[in-house]
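> Input start.cif, format and content: mmCIF, C-alpha atoms.
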```cif
data_upload
#
loop_
_atom_site.label_atom_id
_atom_site.label_comp_id
_atom_site.auth_asym_id
_atom_site.auth_seq_id
_atom_site.Cartn_x
_atom_site.Cartn_y
_atom_site.Cartn_z
CA MET T 1 40.76 97.77 -18.71
CA LYS T 2 43.68 99.86 -17.46
CA LEU T 3 46.04 98.58 -14.80
CA TYR T 4 48.50 100.69 -12.84
CA LYS T 5 50.92 100.18 -9.94
CA VAL T 6 51.24 102.11 -6.69
CA LEU T 7 53.23 101.69 -3.51
CA ALA T 8 50.96 102.64 -0.63
CA VAL T 9 50.34 102.44 3.07
CA VAL T 10 46.86 101.25 4.09
CA LEU T 11 45.28 103.94 6.28
CA ASN T 12 41.86 102.48 6.83
CA SER T 13 39.69 99.54 5.88
CA ARG T 14 35.93 99.38 6.17
CA GLU T 15 33.34 96.75 5.34
CA MET T 16 31.58 96.69 2.00
CA ARG T 17 28.91 94.05 1.74
CA ASP T 18 29.87 90.50 2.72
CA ALA T 19 33.53 89.83 2.09
CA HIS T 20 34.71 93.03 0.37
CA ARG T 21 36.38 96.04 1.93
CA ILE T 22 36.95 99.64 0.92
CA LEU T 23 40.53 100.68 1.64
CA THR T 24 41.87 104.17 2.08
CA LEU T 25 45.46 104.18 0.82
CA PHE T 26 48.12 106.84 0.95
CA SER T 27 50.28 106.13 -2.08
CA LYS T 28 53.63 107.48 -3.15
CA GLU T 29 52.43 108.08 -6.71
CA GLN T 30 48.87 109.40 -6.30
CA GLY T 31 48.47 110.53 -2.70
CA LYS T 32 45.27 109.47 -0.97
CA ILE T 33 43.04 107.08 -2.93
CA ARG T 34 40.13 104.80 -2.11
CA VAL T 35 39.98 101.35 -3.67
CA VAL T 36 37.85 98.23 -3.41
CA ALA T 37 39.42 95.00 -2.21
CA HIS T 38 37.17 92.17 -3.38
CA GLY T 39 36.75 89.08 -1.20
CA VAL T 40 39.57 89.92 1.22
CA THR T 41 37.82 88.81 4.39
CA LYS T 42 37.45 85.23 3.10
CA PRO T 43 39.94 82.78 4.62
CA THR T 44 40.97 81.74 1.10
CA SER T 45 41.97 85.25 0.00
CA ARG T 46 45.68 85.65 -0.81
CA LYS T 47 45.42 89.43 -0.60
CA ARG T 48 44.14 89.44 3.00
CA GLY T 49 47.45 89.98 4.80
CA ALA T 50 48.68 92.75 2.50
CA VAL T 51 45.52 94.86 2.89
CA GLN T 52 45.54 95.01 6.70
CA PRO T 53 45.66 98.57 8.07
CA PHE T 54 49.14 100.15 8.39
CA SER T 55 50.75 97.65 5.97
CA VAL T 56 53.03 99.02 3.27
CA THR T 57 52.09 97.21 0.09
CA ASP T 58 52.76 97.14 -3.66
CA PHE T 59 49.37 97.31 -5.38
CA LEU T 60 48.38 96.59 -8.95
CA LEU T 61 45.11 98.47 -9.35
CA ARG T 62 42.44 98.14 -11.99
CA GLN T 63 40.62 101.29 -13.07
CA GLY T 64 36.91 101.08 -12.43
CA ARG T 65 33.88 103.15 -13.35
CA ASP T 66 33.22 104.44 -9.82
CA MET T 67 36.15 103.18 -7.81
CA ASP T 68 39.38 101.38 -8.70
CA SER T 69 39.89 97.85 -7.38
CA ILE T 70 42.83 95.71 -6.39
CA SER T 71 43.98 93.27 -9.02
CA GLU T 72 47.11 92.06 -7.20
CA CYS T 73 49.02 93.09 -4.12
CA GLU T 74 52.14 92.09 -2.24
CA GLY T 75 52.97 93.34 1.23
CA ARG T 76 56.39 94.87 1.90
CA GLU T 77 56.24 95.84 5.59
CA PHE T 78 53.74 94.77 8.26
CA PHE T 79 55.08 96.18 11.57
CA PRO T 80 54.34 93.14 13.79
CA GLY T 81 55.54 94.99 16.93
CA MET T 82 52.60 97.36 16.57
CA TRP T 83 50.01 94.58 16.47
CA ALA T 84 51.14 93.23 19.84
CA ASP T 85 50.84 96.53 21.73
CA LEU T 86 47.51 98.27 22.36
CA ASP T 87 49.00 101.77 22.69
CA LYS T 88 50.98 101.43 19.46
CA LEU T 89 47.92 100.12 17.63
CA LEU T 90 45.84 103.07 18.84
CA TYR T 91 48.56 105.57 17.93
CA ALA T 92 48.84 104.03 14.45
CA GLY T 93 45.06 104.47 14.09
CA HIS T 94 45.47 108.10 15.18
CA ILE T 95 48.18 108.67 12.54
CA ALA T 96 45.91 107.16 9.88
CA GLU T 97 42.96 109.29 10.98
CA ILE T 98 44.78 112.63 10.85
CA VAL T 99 46.43 111.85 7.50
CA ASP T 100 43.03 110.91 6.10
CA ALA T 101 41.39 114.04 7.52
CA LEU T 102 44.06 116.55 6.49
CA THR T 103 44.84 115.39 2.94
CA MET T 104 42.86 115.62 -0.29
CA ASP T 105 42.11 112.67 -2.58
CA GLY T 106 44.51 112.22 -5.51
CA ASN T 107 47.03 114.81 -4.34
CA PRO T 108 50.53 113.21 -4.41
CA HIS T 109 52.93 114.19 -1.61
CA GLU T 110 56.04 112.02 -1.60
CA SER T 111 57.62 113.64 1.48
CA LEU T 112 54.47 112.93 3.45
CA PHE T 113 54.47 109.32 2.24
CA VAL T 114 58.07 108.92 3.42
CA HIS T 115 57.19 110.64 6.73
CA ILE T 116 54.32 108.20 7.40
CA ILE T 117 56.50 105.14 6.69
CA LYS T 118 59.38 106.44 8.81
CA THR T 119 56.97 107.01 11.70
CA LEU T 120 55.36 103.56 11.42
CA ARG T 121 58.81 101.93 11.39
CA GLU T 122 59.80 103.83 14.53
CA LEU T 123 56.45 103.16 16.20
CA ASP T 124 56.98 99.44 15.60
CA LYS T 125 60.17 99.34 17.67
CA THR T 126 60.01 102.32 20.05
CA VAL T 127 59.47 102.15 23.78
CA ASP T 128 57.98 105.67 23.81
CA PRO T 129 55.20 105.69 21.20
CA GLU T 130 53.64 108.90 22.57
CA LEU T 131 56.72 110.99 21.76
CA VAL T 132 57.01 109.44 18.29
CA VAL T 133 53.42 110.41 17.58
CA ARG T 134 53.95 114.02 18.80
CA TRP T 135 56.98 114.18 16.48
CA PHE T 136 54.80 112.87 13.64
CA GLU T 137 52.03 115.40 14.29
CA LEU T 138 54.37 118.41 14.39
CA ARG T 139 56.25 117.36 11.27
CA LEU T 140 52.98 116.53 9.49
CA MET T 141 51.65 120.02 10.18
CA ALA T 142 54.91 121.48 8.88
CA LEU T 143 54.73 119.38 5.69
CA LEU T 144 51.13 120.43 5.06
CA GLY T 145 51.87 124.13 5.62
CA TYR T 146 50.26 124.40 9.06
CA LEU T 147 53.47 124.69 11.12
CA PRO T 148 52.56 126.41 14.42
CA ASP T 149 54.62 129.48 15.29
CA LEU T 150 56.58 128.59 18.43
CA THR T 151 59.08 131.45 18.31
CA GLY T 152 57.12 134.57 19.29
CA CYS T 153 53.59 135.95 19.55
CA VAL T 154 51.84 134.94 16.35
CA ASN T 155 49.57 137.99 16.62
CA CYS T 156 51.84 140.98 17.35
CA GLY T 157 55.27 139.43 16.77
CA SER T 158 56.57 140.34 20.23
CA GLU T 159 58.88 138.04 22.15
CA VAL T 160 57.07 135.56 24.37
CA ASN T 161 58.82 134.80 27.62
CA GLY T 162 58.13 133.95 31.22
CA PRO T 163 57.59 130.56 32.78
CA ALA T 164 54.01 130.27 31.48
CA VAL T 165 52.81 131.14 27.97
CA SER T 166 49.65 130.57 25.93
CA PHE T 167 49.06 128.61 22.74
CA SER T 168 46.12 129.46 20.49
CA ALA T 169 45.06 126.91 17.89
CA GLN T 170 42.94 129.53 16.16
CA ALA T 171 45.84 132.02 15.91
CA GLY T 172 48.26 129.25 14.90
CA GLY T 173 50.89 129.44 17.63
CA LEU T 174 52.03 131.16 20.81
CA VAL T 175 50.31 134.36 21.92
CA CYS T 176 51.63 136.98 24.36
CA THR T 177 49.72 137.89 27.52
CA SER T 178 48.01 140.93 26.00
CA CYS T 179 47.02 139.15 22.75
CA ALA T 180 45.71 136.12 24.71
CA VAL T 181 42.86 138.22 26.16
CA GLY T 182 39.56 137.13 24.64
CA VAL T 183 41.20 134.36 22.55
CA ASP T 184 40.70 130.63 23.21
CA SER T 185 44.11 129.47 24.34
CA ILE T 186 45.89 126.79 26.37
CA SER T 187 48.40 127.71 29.08
CA CYS T 188 51.69 125.89 28.92
CA ASN T 189 55.24 126.17 30.20
CA MET T 190 58.16 127.43 28.15
CA GLY T 191 59.73 124.00 28.82
CA THR T 192 56.91 122.34 26.84
CA VAL T 193 57.44 124.78 23.97
CA ALA T 194 61.16 123.96 24.03
CA VAL T 195 60.36 120.22 23.73
CA MET T 196 58.10 120.92 20.74
CA GLN T 197 60.83 123.00 19.10
CA THR T 198 63.29 120.15 19.68
CA LEU T 199 60.89 117.63 18.12
CA LEU T 200 60.65 119.85 15.05
CA CYS T 201 64.44 120.06 14.71
CA TRP T 202 65.46 116.51 15.56
CA ASP T 203 65.23 113.54 13.27
CA ILE T 204 63.28 110.44 14.34
CA ASP T 205 66.37 108.36 15.22
CA LYS T 206 67.32 110.86 17.96
CA ILE T 207 63.89 110.97 19.62
CA ASN T 208 64.73 108.09 21.98
CA ARG T 209 67.34 110.31 23.67
CA LEU T 210 64.71 112.85 24.69
CA ARG T 211 63.38 112.62 28.26
CA VAL T 212 60.09 114.44 28.74
CA ALA T 213 58.28 114.75 32.09
CA GLN T 214 54.60 113.83 32.41
CA PRO T 215 53.29 117.44 32.83
CA ALA T 216 54.99 118.50 29.58
CA ARG T 217 53.56 115.43 27.80
CA ALA T 218 50.06 116.31 29.02
CA GLN T 219 50.45 119.91 27.82
CA MET T 220 51.76 118.80 24.41
CA TYR T 221 48.81 116.42 24.10
CA SER T 222 46.32 119.23 24.84
CA ILE T 223 48.03 121.64 22.45
CA MET T 224 48.25 119.15 19.56
CA ARG T 225 44.71 117.95 20.15
CA GLU T 226 43.36 121.49 19.88
CA TYR T 227 45.58 122.34 16.94
CA LEU T 228 44.73 119.20 14.96
CA GLN T 229 41.02 119.51 15.64
CA TRP T 230 41.07 123.14 14.55
CA HIS T 231 42.51 122.13 11.16
CA MET T 232 40.46 118.96 10.84
CA GLU T 233 37.34 121.02 11.60
CA ARG T 234 35.99 118.17 13.70
CA ARG T 235 36.71 116.17 16.84
CA SER T 236 39.58 113.70 16.64
CA ARG T 237 37.87 110.31 17.00
CA SER T 238 41.08 108.49 17.90
CA MET T 239 42.05 110.98 20.63
CA HIS T 240 38.51 110.96 22.00
CA PHE T 241 38.65 107.15 21.99
CA MET T 242 41.95 107.09 23.91
CA ASP T 243 40.37 109.40 26.52
CA LYS T 244 37.41 107.02 26.71
CA LEU T 245 39.72 104.04 27.35
CA ASN T 246 41.66 105.89 30.02
CA ASN T 247 38.48 107.06 31.77
CA PHE T 248 36.73 103.68 31.72
CA ILE T 249 36.16 102.34 35.24
CA PRO T 250 35.94 98.60 34.71
CA VAL T 251 34.31 97.47 37.96
CA ASN T 252 31.25 99.06 39.55
CA LYS T 253 32.36 100.84 42.71
CA MET S 1 8.11 102.76 -10.66
CA GLN S 2 5.55 103.58 -7.97
CA TYR S 3 3.79 100.72 -6.16
CA ALA S 4 0.62 100.70 -4.12
CA GLY S 5 1.04 101.91 -0.50
CA ALA S 6 1.31 98.49 1.20
CA VAL S 7 3.69 97.08 -1.43
CA SER S 8 5.83 100.18 -1.29
CA ARG S 9 6.03 99.97 2.51
CA LEU S 10 7.00 96.29 2.35
CA ILE S 11 9.83 97.12 -0.10
CA VAL S 12 11.07 99.97 2.11
CA GLU S 13 11.05 97.74 5.22
CA LEU S 14 12.88 94.88 3.46
CA ALA S 15 15.48 97.30 2.05
CA ARG S 16 16.39 98.26 5.64
CA LEU S 17 17.90 94.81 6.17
CA PRO S 18 21.69 94.50 5.81
CA GLY S 19 22.93 93.54 2.34
CA ILE S 20 19.54 94.13 0.72
CA GLY S 21 19.18 96.93 -1.82
CA THR S 22 16.00 98.22 -3.45
CA LYS S 23 16.10 95.71 -6.32
CA THR S 24 16.51 92.72 -4.00
CA ALA S 25 13.81 94.13 -1.72
CA GLN S 26 11.44 94.33 -4.68
CA ARG S 27 12.22 90.72 -5.62
CA LEU S 28 11.60 89.51 -2.05
CA ALA S 29 8.38 91.55 -1.77
CA PHE S 30 6.95 90.10 -4.97
CA PHE S 31 7.98 86.59 -3.95
CA LEU S 32 5.98 87.04 -0.72
CA LEU S 33 3.01 88.47 -2.60
CA ASN S 34 2.98 85.66 -5.18
CA ALA S 35 3.56 82.84 -2.66
CA PRO S 36 0.66 81.21 -0.74
CA PRO S 37 -0.52 83.47 2.12
CA GLU S 38 0.80 81.11 4.81
CA VAL S 39 4.41 81.71 3.69
CA ALA S 40 4.20 85.43 4.51
CA VAL S 41 2.18 84.84 7.67
CA SER S 42 4.64 82.23 8.94
CA LEU S 43 7.58 84.56 8.25
CA ALA S 44 5.87 87.46 10.02
CA GLU S 45 5.02 85.22 12.96
CA ALA S 46 8.63 83.92 13.19
CA ILE S 47 10.00 87.48 13.22
CA ARG S 48 7.49 88.60 15.85
CA GLU S 49 8.13 85.58 18.07
CA ALA S 50 11.91 85.95 17.83
CA ARG S 51 11.75 89.62 18.73
CA GLU S 52 9.41 88.98 21.68
CA LYS S 53 11.09 85.90 23.15
CA VAL S 54 14.77 86.31 22.38
CA ARG S 55 16.81 88.45 24.75
CA ARG S 56 20.35 88.59 26.03
CA CYS S 57 21.42 85.97 28.55
CA SER S 58 21.95 87.69 31.90
CA VAL S 59 25.23 85.77 32.40
CA CYS S 60 27.03 85.63 29.05
CA GLY S 61 25.12 88.12 26.88
CA ASP S 62 24.37 85.60 24.10
CA PHE S 63 20.94 85.69 22.46
CA THR S 64 18.59 83.19 24.11
CA ASP S 65 14.92 82.50 24.69
CA VAL S 66 15.54 81.09 28.18
CA ASP S 67 17.53 82.94 30.81
CA PRO S 68 20.23 81.86 31.63
CA CYS S 69 21.00 80.36 28.22
CA PRO S 70 21.42 76.54 27.84
CA VAL S 71 25.25 76.84 27.85
CA CYS S 72 25.38 78.90 31.05
CA SER S 73 22.88 76.68 32.86
CA SER S 74 24.43 73.38 31.70
CA GLU S 75 26.03 71.27 34.43
CA THR S 76 28.37 69.56 31.99
CA ARG S 77 30.14 72.77 30.96
CA ASN S 78 33.33 73.95 32.65
CA ASN S 79 32.57 77.32 34.25
CA GLY S 80 36.27 77.84 34.95
CA VAL S 81 37.04 78.63 31.31
CA ILE S 82 35.38 81.56 29.53
CA CYS S 83 35.72 82.12 25.80
CA VAL S 84 35.20 85.79 24.93
CA VAL S 85 33.72 86.40 21.46
CA GLN S 86 32.55 89.54 19.73
CA ASP S 87 29.27 88.31 18.26
CA PRO S 88 26.58 85.67 19.04
CA ARG S 89 27.35 84.12 15.64
CA ASP S 90 30.85 83.32 16.90
CA VAL S 91 29.33 81.22 19.71
CA ALA S 92 27.49 79.16 17.09
CA ALA S 93 30.71 78.83 15.05
CA ILE S 94 32.72 77.52 18.04
CA GLU S 95 29.88 75.22 19.15
CA LYS S 96 30.06 73.54 15.72
CA TYR S 97 33.55 72.36 16.67
CA ARG S 98 32.05 70.38 19.63
CA GLY S 99 35.42 70.12 21.37
CA TYR S 100 35.08 73.23 23.54
CA LYS S 101 33.48 72.50 26.92
CA GLY S 102 33.86 75.87 28.64
CA VAL S 103 31.37 78.75 28.67
CA TYR S 104 31.17 81.98 26.65
CA HIS S 105 30.96 85.71 27.04
CA VAL S 106 29.63 87.81 24.15
CA LEU S 107 30.92 91.39 23.89
CA HIS S 108 28.43 92.47 21.19
CA GLY S 109 31.06 94.33 19.22
CA VAL S 110 34.72 95.31 19.33
CA LEU S 111 36.58 98.48 20.24
CA SER S 112 36.59 100.79 17.24
CA PRO S 113 38.00 104.32 17.43
CA LEU S 114 36.56 105.34 14.07
CA ALA S 115 33.08 103.99 14.79
CA GLY S 116 33.20 105.51 18.29
CA VAL S 117 32.78 102.15 20.05
CA GLY S 118 34.52 102.30 23.42
CA PRO S 119 34.54 99.91 26.39
CA GLN S 120 31.36 101.52 27.73
CA GLU S 121 29.45 100.30 24.66
CA LEU S 122 30.61 96.69 25.03
CA ASN S 123 29.56 93.95 27.44
CA ILE S 124 32.84 94.27 29.41
CA LYS S 125 31.65 95.25 32.88
CA SER S 126 29.59 92.06 33.24
CA LEU S 127 32.63 90.00 32.15
CA LEU S 128 34.72 91.57 34.91
CA ASP S 129 31.88 90.94 37.38
CA ARG S 130 31.94 87.24 36.38
CA LEU S 131 35.70 87.11 36.86
CA SER S 132 35.58 88.74 40.29
CA GLY S 133 33.90 85.61 41.73
CA GLY S 134 37.24 83.76 41.75
CA ALA S 135 35.96 80.58 40.06
CA VAL S 136 37.44 81.34 36.63
CA GLN S 137 40.91 79.97 35.84
CA GLU S 138 41.25 80.92 32.17
CA VAL S 139 39.85 83.48 29.72
CA ILE S 140 40.25 82.71 26.02
CA LEU S 141 40.13 85.84 23.86
CA ALA S 142 38.52 84.79 20.56
CA THR S 143 37.93 88.11 18.83
CA ASN S 144 38.69 88.31 15.09
CA PRO S 145 42.38 88.64 14.16
CA ASP S 146 42.05 92.14 12.65
CA VAL S 147 42.94 95.61 14.00
CA GLU S 148 39.78 96.05 16.06
CA GLY S 149 39.73 92.45 17.28
CA ASP S 150 43.40 92.53 18.29
CA ALA S 151 42.99 95.92 20.02
CA THR S 152 40.01 94.55 21.97
CA ALA S 153 41.94 91.43 22.97
CA LEU S 154 44.95 93.49 24.12
CA TYR S 155 42.68 95.81 26.08
CA LEU S 156 40.86 92.93 27.80
CA ALA S 157 44.18 91.25 28.62
CA ARG S 158 45.30 94.50 30.25
CA LEU S 159 42.15 94.50 32.43
CA ILE S 160 42.11 90.78 33.28
CA LYS S 161 45.78 89.94 33.92
CA PRO S 162 46.01 91.94 37.17
CA LEU S 163 43.20 89.68 38.54
CA GLY S 164 45.63 86.75 38.41
CA ILE S 165 43.63 84.85 35.78
CA LYS S 166 45.32 83.09 32.86
CA VAL S 167 44.57 84.97 29.62
CA THR S 168 45.05 83.22 26.26
CA ARG S 169 44.48 84.31 22.65
CA ILE S 170 43.19 81.93 19.99
CA ALA S 171 45.98 80.76 17.66
CA HIS S 172 46.55 82.42 14.29
CA GLY S 173 47.81 80.47 11.36
CA LEU S 174 47.02 78.37 8.33
CA PRO S 175 43.54 76.95 7.71
CA VAL S 176 43.34 73.16 7.70
CA GLY S 177 43.96 71.84 4.17
CA ALA S 178 45.66 75.05 2.99
CA HIS S 179 48.91 75.11 1.00
CA LEU S 180 51.85 77.12 2.31
CA GLU S 181 52.62 78.65 -1.08
CA TYR S 182 49.16 80.22 -1.24
CA ALA S 183 49.24 81.69 2.27
CA ASP S 184 49.70 85.43 2.71
CA GLU S 185 52.79 86.82 4.45
CA VAL S 186 51.09 88.00 7.65
CA THR S 187 49.34 84.67 8.26
CA LEU S 188 52.57 82.75 7.61
CA GLY S 189 54.46 85.08 9.97
CA ARG S 190 51.94 84.48 12.73
CA ALA S 191 51.90 80.74 12.05
CA ILE S 192 55.69 80.63 12.50
CA GLU S 193 55.50 82.77 15.65
CA GLY S 194 52.78 80.57 17.14
CA ARG S 195 54.43 77.23 16.26
CA ARG S 196 54.38 74.51 18.91
CA GLU S 197 56.38 71.45 19.76
CA ILE S 198 55.07 68.10 18.54
CA GLU S 199 54.45 65.84 21.52
#
```
As structure tokens, how would this structure be written, given the file I've shared?


Amino acid sequence: MKLYKVLAVVLNSREMRDAHRILTLFSKEQGKIRVVAHGVTKPTSRKRGAVQPFSVTDFLLRQGRDMDSISECEGREFFPGMWADLDKLLYAGHIAEIVDALTMDGNPHESLFVHIIKTLRELDKTVDPELVVRWFELRLMALLGYLPDLTGCVNCGSEVNGPAVSFSAQAGGLVCTSCAVGVDSISCNMGTVAVMQTLLCWDIDKINRLRVAQPARAQMYSIMREYLQWHMERRSRSMHFMDKLNNFIPVNK
Amino acid sequence: MQYAGAVSRLIVELARLPGIGTKTAQRLAFFLLNAPPEVAVSLAEAIREAREKVRRCSVCGDFTDVDPCPVCSSETRNNGVICVVQDPRDVAAIEKYRGYKGVYHVLHGVLSPLAGVGPQELNIKSLLDRLSGGAVQEVILATNPDVEGDATALYLARLIKPLGIKVTRIAHGLPVGAHLEYADEVTLGRAIEGRREIE
């Protein structure tokens, strides 16, 4: 029976029979792994707190035939500010979903691990979670080798200027007016592109200084949604869910 | 191993139940076949009767065979306090406590981005219809203290607070009889946060 230690952030937790759960972890040592947490929904379980989604936890794992299981665990960080704010909770779920969708099992990536933790820490205390998440998405794509080209036309290399430009998820960045013909693209302002370039250059502790108007936020959301979905090769459930919440009309009119 | 048509069908149907795999389904099927005929007939009759008679209460959404359910139609219950739960089993759990005299509202699920469960899929609109009458003074949000339960509670609070109704969340903390040294960090943190003055 082999035991090994990992430091990991819990991305997701789903039910497995009565009181067990299957956790998706992103660990510093082994990248993304799935493990079984036995009996953690029982009120008597001592592991329960440390296996909650988005917790950063030290795990002692036991190798299993099909799936490894948790022998011991001790939580390090829990981000209580996130649990008291619906938007932050949904954004944390979005971060977990895209990391899960864009990474392979058992592929260590220490910079990505550090990036996730840094983002969760900032999300816990920020007053502008949306901007923190856009920063996370852009940096994540850069770390995974999918950095969108925001400097010139990704197709012909020409300079892209003018108040309005186009972004093509399929092409992987900005496209000039002539290359945008017949390509699925999203129109946006150069100001939005400048904000995205700033997010890519700035570190997380400077993000709070950035003031972004609502139209630019909406354009960034559309661009990142298209770009992420293109690479995930499926619809983003968390983004679709946030749209559902925003479009819900609570009282019959 | 292949079984005769009727036995095979019984095993397949039993294996559709939650938590029952093929082996357990086989064991249950052979128990029913070996038991006196009235055992199987009584079980079949109970299932049929429950499915035919039990429906959702038109007021609270709990499962009931009379509409409105006994809690909603009771004159001794306080209609000014509504306890919102995610599942009919939670109503039974709170009723065991016997100290709660308000009424309930069952959501039949919780918000879940990954499972695609949004507010449209939950029994939220009828809750807001109940609240619009003006007779409710307090809504107690008693969803489970996990990510989905907390997200649902925060979302409902966001919808209900503008109506001027008091919104409370059930307390989180240590189970009765538990020892502090065995409690996990998150539970202890919430227990400290939710401490109250001794009167």

> Could you list, as a ChimeraX atom specification, every residue of chain S that has an atom within 10 Å of an atom of chain T, counting all atoms listed in the file?

/S:18-20,111-120,124-129,132,145-148,150-155,157-159,174-175,178,181-190

> Any chance you could resolve the PyMOL selection byres ((chain S and resi 65-71) around 9) against this file and give the residues as a ChimeraX atom specification?

/S:50,53-64,72-77,102-104

> Rank T:Val56, T:Leu123, T:Ala8, T:Met220 by their smallest atom-to-atom distance to Gln197 of chain T, using only C-alpha atoms, and report the top residue only.

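Between T:Val56, T:Leu123, T:Ala8, T:Met220, the residue approaching Gln197 of chain T most closely is T:Met220.
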
> Which value, in Å to one decimal, gives the distance between atom CA of Glu15 of chain T and atom CA of Ile98 of chain T?

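These atoms are spaced 20.3 Å apart.
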
> With all atoms listed in the file as the counted atoms, please give the residues lying no more than 9 Å from His38 of chain T, apart from itself and same-chain residues fewer than 3 positions off, as an MDAnalysis selection string.

chainID T and resid 16 19:22 41 69:71

> Written as a PyMOL selection string, what is the full residue list that the PyMOL selection byres ((chain T and resi 121) around 12) yields on the file shown?

chain T and resi 9+54-56+77-82+88+92+114-120+122-126+129+132-133+136+204-205

> What does the distance between atom CA of Arg225 of chain T and atom CA of Ile186 of chain T come to in Å, to one decimal place?

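A separation of 10.9 Å between them.
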
> Kindly give the distance, in Å, that separates atom CA of Gly172 of chain T and atom CA of Leu147 of chain T, rounded to a single decimal.

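Atom CA of Gly172 of chain T sits 7.9 Å away from atom CA of Leu147 of chain T.
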
> Do you know which residues the PyMOL selection byres ((chain T and resi 64) around 12) returns on this file, as a list in words?

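That selection, the PyMOL selection byres ((chain T and resi 64) around 12), comes back as Met1, Lys2, Leu3, Tyr4, Arg34, Val35, Val36, Leu61, Arg62, Gln63, Arg65, Asp66, Met67, Asp68, Ser69, Ile70 and Ser71 of chain T.
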
> For segment 15-20 of chain S, which lacks atoms in the input, supply all heavy atoms and format the output as a tab-separated table (two decimals), keeping the file's coordinate frame.


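Everything below was put into part.tsv:
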```
chain	number	residue	atom	x	y	z
S	15	ALA	N	14.21	96.66	2.46
S	15	ALA	CA	15.48	97.30	2.05
S	15	ALA	C	16.27	97.81	3.25
S	15	ALA	O	17.44	98.16	3.11
S	15	ALA	CB	15.18	98.44	1.08
S	16	ARG	N	15.65	97.84	4.43
S	16	ARG	CA	16.39	98.26	5.64
S	16	ARG	C	17.29	97.15	6.16
S	16	ARG	O	18.17	97.39	6.99
S	16	ARG	CB	15.40	98.68	6.74
S	16	ARG	CG	14.76	100.03	6.45
S	16	ARG	CD	13.58	100.30	7.31
S	16	ARG	NE	13.92	100.44	8.71
S	16	ARG	CZ	13.10	100.90	9.63
S	16	ARG	NH1	11.89	101.28	9.30
S	16	ARG	NH2	13.48	100.99	10.88
S	17	LEU	N	17.08	95.93	5.69
S	17	LEU	CA	17.90	94.81	6.17
S	17	LEU	C	19.30	94.88	5.58
S	17	LEU	O	19.47	95.37	4.46
S	17	LEU	CB	17.23	93.47	5.77
S	17	LEU	CG	15.84	93.23	6.35
S	17	LEU	CD1	15.24	91.97	5.76
S	17	LEU	CD2	15.89	93.13	7.86
S	18	PRO	N	20.32	94.41	6.32
S	18	PRO	CA	21.69	94.50	5.81
S	18	PRO	C	21.89	93.68	4.54
S	18	PRO	O	21.38	92.56	4.44
S	18	PRO	CB	22.55	93.96	6.97
S	18	PRO	CG	21.62	93.20	7.83
S	18	PRO	CD	20.27	93.80	7.65
S	19	GLY	N	22.61	94.25	3.58
S	19	GLY	CA	22.93	93.54	2.34
S	19	GLY	C	21.80	93.49	1.35
S	19	GLY	O	21.90	92.81	0.33
S	20	ILE	N	20.68	94.17	1.65
S	20	ILE	CA	19.54	94.13	0.72
S	20	ILE	C	19.30	95.53	0.16
S	20	ILE	O	19.01	96.48	0.90
S	20	ILE	CB	18.27	93.58	1.44
S	20	ILE	CG1	18.55	92.15	1.86
S	20	ILE	CG2	17.05	93.71	0.55
S	20	ILE	CD1	17.38	91.35	2.27
```
